[in-house]
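Quick notes on the structure that follows.
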Amino acid sequence: MDTADVTAAAPAEQTILGACPHDCPDTCAFVTTVRDGRAVRLQGNPQHPQTGGVLCTKVSRYLERVYHPQRLLQPLRRVGPKGAGRFEPVSWDEALDDIAARLRALAARDPQTILPYSYAGTMGLVQGEGMAARFFHRLGASLLDRTICSAAGAAGLTYTLGGKVGMRVEHFAESRLILIWGSHSIGSNLHFWRYAQQAKRAGARLVCIDPRRTETAEKCHEHLALLPGTDAALAYALMQQCIVHGWVDEDYVQRHTLGWEALRERALQWPPERAAAVCGLPVAQIEALARDIGACVQRREPVAIRLNYGMQRTRGGANAVRAVACLPAVIGAWRHRAGGLLLSSSGSYPVQREALFRPDLLQRSPCPQPRVINMSTIGDDLLRPASPAFGPAIEALIVYNSNPVAVAPDAGRVVRGFAREDLFTVVLEQFPTDTADYADYVLPATTQLEHWDIHLSYGHTDVLLNRPAIAPLGQARPNTWVFRELARRLGFDDPCFADDDLTLCRQAFGDAVDFEVLMRQGWVTLPLPEAPFAHGGFPTPSGRCEFYSPRLAAQGLDPLPAVLSNHEPAGHDPRHPLAMISPPARHFLNSTFVNVASLRDAEGEPALEMHPADAAPRGIADGDWVEVFNDRGQCRLRARLNGRARPGVVVGLGIWWRKLSPDGRNVNELTSQALTDLGQAPTFYDCAVEVRRA
Ligand SMILES: Nc1nc2c(c(=O)[nH]1)N[C@H]1C(S)=C(S)[C@@H](COP(=O)(O)OP(=O)(O)OC[C@H]3O[C@@H](n4cnc5c(=O)[nH]c(N)nc54)[C@H](O)[C@@H]3O)O[C@H]1N2
Ligand SMILES: Nc1nc2c(c(=O)[nH]1)N[C@H]1C(S)=C(S)[C@@H](COP(=O)(O)OP(=O)(O)OC[C@H]3O[C@@H](n4cnc5c(=O)[nH]c(N)nc54)[C@H](O)[C@@H]3O)O[C@H]1N2
Ligand code: SF4
Ligand SMILES: [Mo]
């Protein structure tokens, strides 16, 4: 065990440096105080500038999670029907021997019958895919395309800017106009909000572009509550106004972009009147935002966009990101370090993928080129029989760092898939989640306080190290330990399977970061330019910001950012006229923390926010129970007429555990498995529903 020795010769009270493991752009540094082997306090690390000593409400409660009475502390084997959550304790050896035997038998026939299913329960590179990827590569299992969160935005950004790169977050503090676009910063990106507040105090203007009137939108100077999935039209109208009013930075455009003439022609087709009709916004509001941009351009002041993933969960999500990502180049905002755009910074990190994940091990597996399964269509894929196009049916599923039964779209199909009696399911978990209820074996996992890990961030550009602060509770074990043990049982003898967790931490970035500084300080900042594209140098094939993408043209796709309507646009289907979005609740992190009582109490009940103009004709009053439904399913929620929803759009905050909801279902009963334009990502916020009083 590589985590058990930490408290061996420990003084009575000590502090240990760690990192928040959760799927959040902020990747905070924290300090755990341990007394007599028990963690007694967890605080933001005041020495880490990005954290500034402050954790969000959720992770301030992390000790309630670590010592939660429902923590899984021993391996379990199913005794009841799938989904019932009835288990008996077994020993680790019994569980691992049986799992290894089942996997060996399947692999002898076709290892592609086995599918890993994981996401970002921890964002750590070690407890994430560190040892797991090695194991599944050597096995030759089906590969998982991890699309569920950011794949559309990543594709849009990569075709335009060249990668998941952009402004450094701290420079937003000096911006003069900040567009907070598809992001509820106070809820999901708190440490960015600090910088936006600094800018506001220094006189900057903040504009929020979001269908929902979030707490963030309320605190901005202006809020554009557009219809979901209409961002590309808005971006084009802003470009059109820049063209007709002479706010284009012709010099920057000529030197550092590709395809301006074509983009210009397309933008001129989008006067504010046309965009206003598509977006459901007043014309004057679009014109006013364009004037704000123009005023900054004329004063040579920096305009910055904090784009976030909330705006890429609709059919045209990737193209919408493309359209927005063109704007800073059009006005030359990248010339300033406090200008430009940030969607994700994760592409800035020199992760040593080959050394860490060992894709070369595929060559030593019985299946060197396995098929790829998209995690966002797991509902359909679990129900698919063998076919020449699909390959073999999925017969075994190993789930870790994810809760697909609660978070994957079209939950009715997901549940039917997980309920298959002939599916062998193993779930590595800290808690008895909705997904764990369907497992044949549940294996107890350590929390961040109990294991080593190393972290990048998608909201800043520091590397963080997480040291174990306490010994694993009960028989909980790190994910890496489980995959090491399975590898040994399957006779995988490559020396990489013997690497311990600290070795994996060192391998993650190799020589690109100073590991001794990390060990001492807990974090290091990547050496990156202040203003990355002030002089061009985009990581695209042309080195320019690609308004026109030759790579998309080569695939026969629209080379310019396209304006695409939703799969299920608001008001289109008379049987389901309302558009539902389901962004995260502030006190949960996806489905994590829903079982922490204090945080669940803060959220109250699963709610559906509605505008009075939509509630009144349906006879719905504030506080009524309502049924939200479409042809995929239904779910019971408490109506909230709290001023946050705009007409035509309802908001079902996520992501509740099904079993902690009044009718045992959550909003993903309603969402569909339809995918985005690029990136094969899910379309959670592209979902037509109807609502009736329950
Ligand atoms: N408290 C909390 N923090 C979180 C999370 C959490 O669950 N809870 N989840 C984490 C994860 S995994 C992620 S990916 C990020 C997500 O954080 P963000 O990237 O900020 O994305 P979302 O929270 O999905 O959506 C942000 C906002 O986009 C709005 N939105 C919805 N549809 C559209 C649209 O079509 N256009 C525009 N312009 N806006 C739209 C939503 O109303 C929402 O307020 O946050 C992380 N942080
Ligand atoms: N309707 C709707 N659905 C959505 C979204 C939405 O906005 N609306 N958002 C989508 C997005 S952006 C995302 S990222 C996905 C998130 O989907 P997931 O990545 O599945 O996230 P969580 O629901 O937080 O589940 C993570 C699980 O990992 C477990 N875990 C944490 N650490 C460890 C560990 O070290 N070891 C093991 N074995 N387990 C661990 C936690 O206990 C938790 O149950 O959901 C998506 N689903
Ligand atoms: S969830 Fe985000 S804001 Fe909260 S502690 Fe973790 S990294 Fe920081
Ligand atoms: Mo996400």
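Chain lettering (A, B, ...) mirrors the order of the structure tokens, residue numbering begins at 1 for each chain separately, and ligand numbering begins at 1 in order of display.
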Q: For Gln74 in chain A, list every protein, DNA or RNA residue within 9 Å, evaluated using only C-alpha atoms, and leave out those in the same chain fewer than 3 positions away; present the list as an MDAnalysis selection string.
A: chainID A and resid 89:92 442:444 474:476
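Taking only C-alpha atoms and all ligand atoms into account, every polymer residue with at least one atom at most 8 Å away from ligand 4 is listed here: Asp23, Cys24, Ala120, Ile148, Cys149, Ser150, Tyr309 and Asn590 of chain A.
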Selected residues, N, CA and C atoms, written as an mmCIF file, in the first residue's frame, please.
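Once everything was written out, this is out-v3.cif:
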data_model
loop_
_atom_site.group_PDB
_atom_site.id
_atom_site.type_symbol
_atom_site.label_atom_id
_atom_site.label_comp_id
_atom_site.auth_asym_id
_atom_site.auth_seq_id
_atom_site.Cartn_x
_atom_site.Cartn_y
_atom_site.Cartn_z
ATOM 1 N N ASP A 23 -14.293 18.040 -10.437
ATOM 2 C CA ASP A 23 -14.382 18.513 -11.813
ATOM 3 C C ASP A 23 -14.860 19.957 -11.786
ATOM 4 N N CYS A 24 -13.923 20.854 -11.634
ATOM 5 C CA CYS A 24 -14.207 22.276 -11.467
ATOM 6 C C CYS A 24 -12.989 22.999 -12.019
ATOM 7 N N ALA A 120 -14.834 12.197 -14.424
ATOM 8 C CA ALA A 120 -13.994 13.092 -13.640
ATOM 9 C C ALA A 120 -14.421 13.187 -12.178
ATOM 10 N N ILE A 148 -18.549 13.455 -22.388
ATOM 11 C CA ILE A 148 -19.794 13.850 -21.719
ATOM 12 C C ILE A 148 -19.858 15.314 -21.302
ATOM 13 N N CYS A 149 -18.694 15.963 -21.231
ATOM 14 C CA CYS A 149 -18.672 17.318 -20.686
ATOM 15 C C CYS A 149 -18.292 18.352 -21.733
ATOM 16 N N SER A 150 -17.134 18.197 -22.334
ATOM 17 C CA SER A 150 -16.486 19.325 -23.011
ATOM 18 C C SER A 150 -16.081 19.062 -24.454
ATOM 19 N N TYR A 309 -18.553 25.945 -20.570
ATOM 20 C CA TYR A 309 -19.128 24.794 -21.260
ATOM 21 C C TYR A 309 -20.650 24.789 -21.300
ATOM 22 N N ASN A 590 -21.985 18.094 -10.079
ATOM 23 C CA ASN A 590 -22.631 17.049 -10.862
ATOM 24 C C ASN A 590 -23.447 16.223 -9.855
#
- Item | Among the residues A:Arg632, A:Arg693, A:Arg176, A:Arg306, the one that comes closest to ligand 1 [using only C-alpha atoms and all ligand atoms] |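 Checking each candidate against ligand 1, we get A:Arg306 as the closest.
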From the list A:Gln673, A:Thr32, A:Thr113, A:Thr122, which residue is nearest ligand 1 when using only C-alpha atoms and all ligand atoms?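 Distance minimum relative to ligand 1 lands on A:Thr122.
The residue set within 9 Å of Asp686 in chain A, counting only C-alpha atoms and dropping same-chain residues fewer than 3 places from it, reads Pro228, Gly229, Arg313, Thr314, Arg315, Asn566, His567, Glu568, Pro569, Ala570, Ala579, Met580, Ile581, Thr671, Ser672, Ala674 and Thr683 of chain A.
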Any chance you could export the current selection's N, CA and C atoms as a PDB file, in the first residue's frame?
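result37.pdb written:
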ATOM      1  N   PRO A 228     -31.621  28.958 -25.410  1.00  0.00           N
ATOM      2  CA  PRO A 228     -30.518  28.001 -25.473  1.00  0.00           C
ATOM      3  C   PRO A 228     -30.154  27.662 -26.924  1.00  0.00           C
ATOM      4  N   GLY A 229     -28.860  27.567 -27.185  1.00  0.00           N
ATOM      5  CA  GLY A 229     -28.397  27.119 -28.499  1.00  0.00           C
ATOM      6  C   GLY A 229     -28.433  28.187 -29.579  1.00  0.00           C
ATOM      7  N   ARG A 313     -23.751  22.648 -24.977  1.00  0.00           N
ATOM      8  CA  ARG A 313     -24.496  21.410 -24.750  1.00  0.00           C
ATOM      9  C   ARG A 313     -25.770  21.381 -25.598  1.00  0.00           C
ATOM     10  N   THR A 314     -25.688  21.936 -26.806  1.00  0.00           N
ATOM     11  CA  THR A 314     -26.807  21.897 -27.751  1.00  0.00           C
ATOM     12  C   THR A 314     -26.258  21.439 -29.104  1.00  0.00           C
ATOM     13  N   ARG A 315     -27.149  21.172 -30.045  1.00  0.00           N
ATOM     14  CA  ARG A 315     -26.722  20.593 -31.323  1.00  0.00           C
ATOM     15  C   ARG A 315     -25.583  21.374 -31.962  1.00  0.00           C
ATOM     16  N   ASN A 566     -31.260  24.086 -32.786  1.00  0.00           N
ATOM     17  CA  ASN A 566     -31.245  22.935 -31.886  1.00  0.00           C
ATOM     18  C   ASN A 566     -31.918  21.717 -32.511  1.00  0.00           C
ATOM     19  N   HIS A 567     -31.588  20.537 -32.017  1.00  0.00           N
ATOM     20  CA  HIS A 567     -32.364  19.341 -32.370  1.00  0.00           C
ATOM     21  C   HIS A 567     -33.826  19.562 -31.979  1.00  0.00           C
ATOM     22  N   GLU A 568     -34.024  20.193 -30.805  1.00  0.00           N
ATOM     23  CA  GLU A 568     -35.374  20.358 -30.255  1.00  0.00           C
ATOM     24  C   GLU A 568     -35.573  21.817 -29.860  1.00  0.00           C
ATOM     25  N   PRO A 569     -35.705  22.721 -30.860  1.00  0.00           N
ATOM     26  CA  PRO A 569     -35.779  24.153 -30.526  1.00  0.00           C
ATOM     27  C   PRO A 569     -37.032  24.517 -29.723  1.00  0.00           C
ATOM     28  N   ALA A 570     -36.906  25.548 -28.905  1.00  0.00           N
ATOM     29  CA  ALA A 570     -38.036  26.018 -28.089  1.00  0.00           C
ATOM     30  C   ALA A 570     -39.211  26.370 -28.997  1.00  0.00           C
ATOM     31  N   ALA A 579     -38.369  24.625 -23.747  1.00  0.00           N
ATOM     32  CA  ALA A 579     -36.973  24.169 -23.814  1.00  0.00           C
ATOM     33  C   ALA A 579     -36.468  24.001 -22.391  1.00  0.00           C
ATOM     34  N   MET A 580     -35.959  22.816 -22.061  1.00  0.00           N
ATOM     35  CA  MET A 580     -35.425  22.607 -20.712  1.00  0.00           C
ATOM     36  C   MET A 580     -33.903  22.597 -20.732  1.00  0.00           C
ATOM     37  N   ILE A 581     -33.308  23.384 -19.847  1.00  0.00           N
ATOM     38  CA  ILE A 581     -31.875  23.248 -19.574  1.00  0.00           C
ATOM     39  C   ILE A 581     -31.723  22.710 -18.149  1.00  0.00           C
ATOM     40  N   THR A 671     -33.549  14.108 -21.019  1.00  0.00           N
ATOM     41  CA  THR A 671     -32.521  14.507 -21.988  1.00  0.00           C
ATOM     42  C   THR A 671     -32.314  13.395 -23.015  1.00  0.00           C
ATOM     43  N   SER A 672     -31.738  13.764 -24.166  1.00  0.00           N
ATOM     44  CA  SER A 672     -31.648  12.795 -25.256  1.00  0.00           C
ATOM     45  C   SER A 672     -30.204  12.400 -25.534  1.00  0.00           C
ATOM     46  N   ALA A 674     -29.015  12.445 -28.531  1.00  0.00           N
ATOM     47  CA  ALA A 674     -28.571  13.115 -29.759  1.00  0.00           C
ATOM     48  C   ALA A 674     -27.259  13.840 -29.467  1.00  0.00           C
ATOM     49  N   THR A 683     -26.161  16.540 -25.719  1.00  0.00           N
ATOM     50  CA  THR A 683     -26.900  17.799 -25.896  1.00  0.00           C
ATOM     51  C   THR A 683     -27.891  17.957 -24.731  1.00  0.00           C
TER      52      THR A 683
END
Can you tell me which residues surround range 404-411 of chain A at a distance of at most 7 Å, considering only C-alpha atoms, apart from same-chain residues fewer than 5 positions away, and format the answer as a PyMOL selection string?
chain A and resi 376+379+434-435+591+632+655+657-658+668-673+684
Practice task
Could the residues that lie within 10 Å of ligand 3, counting only C-alpha atoms and all ligand atoms, be listed as a PyMOL selection string?
Solution key: chain A and resi 19-30+43-44+50-51+53-62+186-192+457+459+587-589
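Between ligand 1 and the residues A:Gly316, A:Pro350, A:Pro81, A:Gly510, the shortest atom-to-atom distance, using only C-alpha atoms and all ligand atoms, involves A:Gly316.
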*Would you please extract all helix (DSSP H, G or I) residues from range 25-149 of chain A, as assigned by DSSP on the backbone, and give them as a PyMOL selection string?*
chain A and resi 57-60+62-66+92-109+111-113+126-139
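CA of Leu327 in chain A is found 28.1 Å from atom 8 (N, counted along the ligand's line) of ligand 1.
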- Task: Write out as a PyMOL selection string which residues come within 6 Å of range 637-649 of chain A when counting only C-alpha atoms, dropping same-chain ones fewer than 3 positions away.
- Result: chain A and resi 212-213+578-580+606-611+622-626
Residues from the last selection, C-alpha atoms, saved as a CSV table (one decimal), in the first residue's frame:
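So result-v2.csv came out as:
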chain,number,residue,atom,x,y,z
A,212,ARG,CA,-31.0,31.7,-16.9
A,213,ARG,CA,-30.9,34.7,-14.5
A,578,LEU,CA,-40.8,24.3,-23.6
A,579,ALA,CA,-37.0,24.2,-23.8
A,580,MET,CA,-35.4,22.6,-20.7
A,606,PRO,CA,-35.3,19.0,-7.0
A,607,ALA,CA,-36.8,22.0,-8.6
A,608,LEU,CA,-38.1,23.3,-12.0
A,609,GLU,CA,-37.8,27.0,-12.5
A,610,MET,CA,-40.5,28.5,-14.7
A,611,HIS,CA,-41.5,31.9,-15.9
A,622,ASP,CA,-45.0,28.6,-7.1
A,623,GLY,CA,-44.3,25.5,-4.9
A,624,ASP,CA,-46.6,23.1,-6.8
A,625,TRP,CA,-45.3,19.6,-7.7
A,626,VAL,CA,-45.1,19.3,-11.4
(message) Just want the 12 Å neighbourhood of Leu557 in chain A, counted on only C-alpha atoms, with same-chain residues fewer than 5 positions away dropped. Output as a count of residues only.
(response) 10
With distances taken over only C-alpha atoms and all ligand atoms, the candidate from A:Gly259, A:Pro432, A:Pro370, A:Gly571 nearest ligand 2 is A:Pro432
Show me, as a VMD selection string, the residues that have an atom within 8 Å of Gly633 in chain A when counting only C-alpha atoms, minus same-chain residues fewer than 2 positions from it. chain A and resid 412 629 to 631 635 669 to 670
Output all heavy atoms for every residue in the selection just made, as a PDB file, in the first residue's frame.
ATOM      1  N   GLY A 412     -33.726   6.598 -18.967  1.00  0.00           N
ATOM      2  CA  GLY A 412     -34.574   5.413 -19.084  1.00  0.00           C
ATOM      3  C   GLY A 412     -33.824   4.293 -19.796  1.00  0.00           C
ATOM      4  O   GLY A 412     -33.824   3.131 -19.357  1.00  0.00           O
ATOM      5  N   PHE A 629     -42.354  16.234 -18.755  1.00  0.00           N
ATOM      6  CA  PHE A 629     -42.352  15.007 -19.567  1.00  0.00           C
ATOM      7  C   PHE A 629     -42.081  15.295 -21.036  1.00  0.00           C
ATOM      8  O   PHE A 629     -42.275  16.399 -21.528  1.00  0.00           O
ATOM      9  CB  PHE A 629     -43.694  14.267 -19.410  1.00  0.00           C
ATOM     10  CG  PHE A 629     -44.896  15.057 -19.865  1.00  0.00           C
ATOM     11  CD1 PHE A 629     -45.407  14.881 -21.156  1.00  0.00           C
ATOM     12  CD2 PHE A 629     -45.513  15.982 -19.033  1.00  0.00           C
ATOM     13  CE1 PHE A 629     -46.515  15.618 -21.589  1.00  0.00           C
ATOM     14  CE2 PHE A 629     -46.606  16.724 -19.462  1.00  0.00           C
ATOM     15  CZ  PHE A 629     -47.112  16.536 -20.739  1.00  0.00           C
ATOM     16  N   ASN A 630     -41.612  14.263 -21.710  1.00  0.00           N
ATOM     17  CA  ASN A 630     -41.555  14.223 -23.171  1.00  0.00           C
ATOM     18  C   ASN A 630     -41.645  12.749 -23.561  1.00  0.00           C
ATOM     19  O   ASN A 630     -41.983  11.906 -22.708  1.00  0.00           O
ATOM     20  CB  ASN A 630     -40.301  14.935 -23.722  1.00  0.00           C
ATOM     21  CG  ASN A 630     -38.997  14.351 -23.189  1.00  0.00           C
ATOM     22  OD1 ASN A 630     -38.950  13.199 -22.763  1.00  0.00           O
ATOM     23  ND2 ASN A 630     -37.950  15.152 -23.201  1.00  0.00           N
ATOM     24  N   ASP A 631     -41.361  12.417 -24.825  1.00  0.00           N
ATOM     25  CA  ASP A 631     -41.546  11.028 -25.241  1.00  0.00           C
ATOM     26  C   ASP A 631     -40.514  10.082 -24.637  1.00  0.00           C
ATOM     27  O   ASP A 631     -40.683   8.873 -24.670  1.00  0.00           O
ATOM     28  CB  ASP A 631     -41.522  10.923 -26.774  1.00  0.00           C
ATOM     29  CG  ASP A 631     -42.765  11.566 -27.389  1.00  0.00           C
ATOM     30  OD1 ASP A 631     -43.789  11.681 -26.670  1.00  0.00           O
ATOM     31  OD2 ASP A 631     -42.707  11.956 -28.566  1.00  0.00           O
ATOM     32  N   CYS A 635     -40.448  13.194 -15.026  1.00  0.00           N
ATOM     33  CA  CYS A 635     -39.802  13.348 -13.728  1.00  0.00           C
ATOM     34  C   CYS A 635     -40.554  14.399 -12.933  1.00  0.00           C
ATOM     35  O   CYS A 635     -41.114  15.352 -13.483  1.00  0.00           O
ATOM     36  CB  CYS A 635     -38.341  13.678 -14.001  1.00  0.00           C
ATOM     37  SG  CYS A 635     -37.513  14.833 -13.002  1.00  0.00           S
ATOM     38  N   GLU A 669     -33.973  11.697 -17.218  1.00  0.00           N
ATOM     39  CA  GLU A 669     -35.057  10.949 -17.857  1.00  0.00           C
ATOM     40  C   GLU A 669     -35.500  11.638 -19.145  1.00  0.00           C
ATOM     41  O   GLU A 669     -36.040  11.011 -20.047  1.00  0.00           O
ATOM     42  CB  GLU A 669     -36.292  10.903 -16.939  1.00  0.00           C
ATOM     43  CG  GLU A 669     -36.185   9.955 -15.784  1.00  0.00           C
ATOM     44  CD  GLU A 669     -36.306   8.497 -16.185  1.00  0.00           C
ATOM     45  OE1 GLU A 669     -37.056   8.174 -17.112  1.00  0.00           O
ATOM     46  OE2 GLU A 669     -35.616   7.690 -15.542  1.00  0.00           O
ATOM     47  N   LEU A 670     -35.312  12.959 -19.185  1.00  0.00           N
ATOM     48  CA  LEU A 670     -35.869  13.769 -20.280  1.00  0.00           C
ATOM     49  C   LEU A 670     -34.846  14.052 -21.374  1.00  0.00           C
ATOM     50  O   LEU A 670     -35.204  14.267 -22.533  1.00  0.00           O
ATOM     51  CB  LEU A 670     -36.384  15.095 -19.702  1.00  0.00           C
ATOM     52  CG  LEU A 670     -37.437  14.883 -18.613  1.00  0.00           C
ATOM     53  CD1 LEU A 670     -37.468  16.045 -17.635  1.00  0.00           C
ATOM     54  CD2 LEU A 670     -38.806  14.691 -19.243  1.00  0.00           C
TER      55      LEU A 670
END
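Residue nearest Ile454 in chain A, chosen from A:Asp145, A:Asp292, A:Asp501, A:Glu218 and counting only C-alpha atoms: A:Asp501.
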CA of Arg484 in chain A to CA of Ala471 in chain A measures 19.0 Å
In terms of only C-alpha atoms, the residue from A:Ala615, A:Leu473, A:Ala284, A:Leu144 at minimal distance from Gln430 in chain A is A:Leu473
